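One structure is given here, and the rest of the page talks about it.
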Amino acid sequence: MALQEREEMGDNNNSTGTDVSQNMTIYINNLNEKIKIDELKTSLHAVFSQFGKILEILAFKTLKHKGQAWVIFEDVQSASNAIRQMQSFPFYDKPMRIQYAKTKSDIIAKADGTFVPREKRRRHEEKGKKKKDQHDANQVGVGLTPAYGGAYGTTPSLLQIPYPGGVKSMVPEAPAPPNNILFIQNLPNETTPMMLQMLFQQYPGFKEVRMVEAKPGIAFVEYGDEMQSTGAMHGLQGFKILQQNSMLITYAKK
């Protein structure tokens, strides 16, 4: 979103939420300002995608917009459910304040035919594209290539990881019996313990999240008993923190 649209969208600080009509974009403030923008967006997507398809999440580094974000859903019902169920949700140790955004975002305006191009935005985007093209050219020039050619954020399958002991057995192991600890797989590399905590603490009995620093893409989540862990498993099985990563949840082996 360009600077001009940010200014037009405003920060909603003068609105109580009752004088703003229902729409597909929600405005969130009282966010933890210490969180980096990329992590903030990923975390917001993780907790809000349960309510419906998210078209875009906007957050900015500028002083005026710190501690704020906009989440744009595909439909009004999703936005309404998100406001109702996530109001005051503890997000990075601060309760979120949520309401409908005052103005329509570009992505919605384009969809309903009311979008009007802005000269400022075009200049801003062209400048950003030139910087990106120059950066990409520099990367190619020094021979930097990704170590893994899969989709962004995905974890390579076991078949793509060299196995020092030779060919790994293809016989599947027996699943662990139900217990109070869940084993989470196929997490994006950007996943943090706080992201998972915000997801799993919605279910009764949550105790803690443990991630293995040397093995990105996996985590363990502990509950008070196996009934509570089973409820969380059923509720979040297949949940996507990022669009290309569906969580695979099983019981951990003890």
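Identifiers in this document derive from the order of the structure tokens: chains are assigned A, B, ..., residues are numbered from 1 separately in each chain, and ligands are numbered from 1 in order of occurrence.
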At a cut-off of 6 Å, using only C-alpha atoms, what residues contact segment 199-206 of chain A? Leave out same-chain residues fewer than 2 positions from it and give the result as a ChimeraX atom specification. /A:196-197,223-224,228,232
For Met233 of chain A, list every protein, DNA or RNA residue within 9 Å, evaluated using only C-alpha atoms, and leave out those in the same chain fewer than 5 positions away; present the list as a ChimeraX atom specification. /A:182,228,249-251
Next, write the just-selected residues to a file, as a JSON list (two decimals), in the first residue's frame, keeping N, CA, C and O atoms as the atom set.
[["chain", "number", "residue", "atom", "x", "y", "z"],
["A", 182, "LEU", "N", 1.77, -32.99, 21.76],
["A", 182, "LEU", "CA", 1.57, -33.04, 20.32],
["A", 182, "LEU", "C", 2.88, -32.77, 19.59],
["A", 182, "LEU", "O", 3.70, -31.95, 20.04],
["A", 228, "GLN", "N", -7.28, -33.02, 26.29],
["A", 228, "GLN", "CA", -7.06, -31.63, 25.90],
["A", 228, "GLN", "C", -6.18, -31.53, 24.67],
["A", 228, "GLN", "O", -6.45, -30.73, 23.76],
["A", 249, "ILE", "N", -0.26, -32.61, 12.55],
["A", 249, "ILE", "CA", -0.20, -32.78, 13.99],
["A", 249, "ILE", "C", -0.45, -34.25, 14.36],
["A", 249, "ILE", "O", -1.43, -34.86, 13.94],
["A", 250, "THR", "N", 0.47, -34.80, 15.15],
["A", 250, "THR", "CA", 0.33, -36.17, 15.65],
["A", 250, "THR", "C", 0.69, -36.15, 17.14],
["A", 250, "THR", "O", 1.14, -35.12, 17.67],
["A", 251, "TYR", "N", 0.51, -37.28, 17.79],
["A", 251, "TYR", "CA", 0.94, -37.38, 19.18],
["A", 251, "TYR", "C", 2.45, -37.61, 19.20],
["A", 251, "TYR", "O", 3.00, -38.33, 18.36]]
Close residues, segment 39-42 of chain A itself excluded, 8 Å, only C-alpha atoms, min 4 positions apart in chain, as a ChimeraX atom specification: /A:35,46,57-59,190,241-242
Quick one: everything within 12 Å of Arg84 of chain A, counting only C-alpha atoms, minus sequence neighbours fewer than 6 positions away in the same chain. Send it as a list of chain:residue names. A:Ile26, A:Phe48, A:Phe51, A:Gln77, A:Ser78, A:Met96, A:Arg97, A:Ile98, A:Gln99, A:Tyr100
What's around Glu226 of chain A at 8 Å? Count only C-alpha atoms, leave out sequence neighbours fewer than 5 positions away in its own chain, and write the answer as a PyMOL selection string. chain A and resi 178-181
I need the chosen residues saved as an mmCIF file, in the first residue's frame, with N, CA, C and O atoms.
data_model
loop_
_atom_site.group_PDB
_atom_site.id
_atom_site.type_symbol
_atom_site.label_atom_id
_atom_site.label_comp_id
_atom_site.auth_asym_id
_atom_site.auth_seq_id
_atom_site.Cartn_x
_atom_site.Cartn_y
_atom_site.Cartn_z
ATOM 1 N N PRO A 178 -2.197 -41.986 21.908
ATOM 2 C CA PRO A 178 -2.641 -40.684 22.413
ATOM 3 C C PRO A 178 -1.966 -40.337 23.743
ATOM 4 O O PRO A 178 -1.859 -41.169 24.641
ATOM 5 N N ASN A 179 -1.485 -39.104 23.828
ATOM 6 C CA ASN A 179 -0.904 -38.600 25.069
ATOM 7 C C ASN A 179 -1.035 -37.084 25.098
ATOM 8 O O ASN A 179 -1.629 -36.489 24.195
ATOM 9 N N ASN A 180 -0.489 -36.454 26.117
ATOM 10 C CA ASN A 180 -0.721 -35.012 26.310
ATOM 11 C C ASN A 180 0.234 -34.108 25.538
ATOM 12 O O ASN A 180 0.136 -32.888 25.621
ATOM 13 N N ILE A 181 1.146 -34.686 24.751
ATOM 14 C CA ILE A 181 2.094 -33.870 23.986
ATOM 15 C C ILE A 181 1.879 -34.086 22.493
ATOM 16 O O ILE A 181 1.807 -35.223 22.025
#
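Nearest to Ala101 of chain A of all the residues A:Phe239, A:Phe89, A:Phe220, A:Tyr27 is A:Tyr27, counting only C-alpha atoms.
Of the residues under consideration (A:His65, A:Thr191, A:Asp75, A:Gln22), A:Asp75 shows the shortest atom-to-atom contact distance to Lys53 of chain A when counting only C-alpha atoms.
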Could you please determine the separation between atom CA of Lys254 of chain A and atom CA of Gly231 of chain A in Å, to one decimal place? 19.5 Å
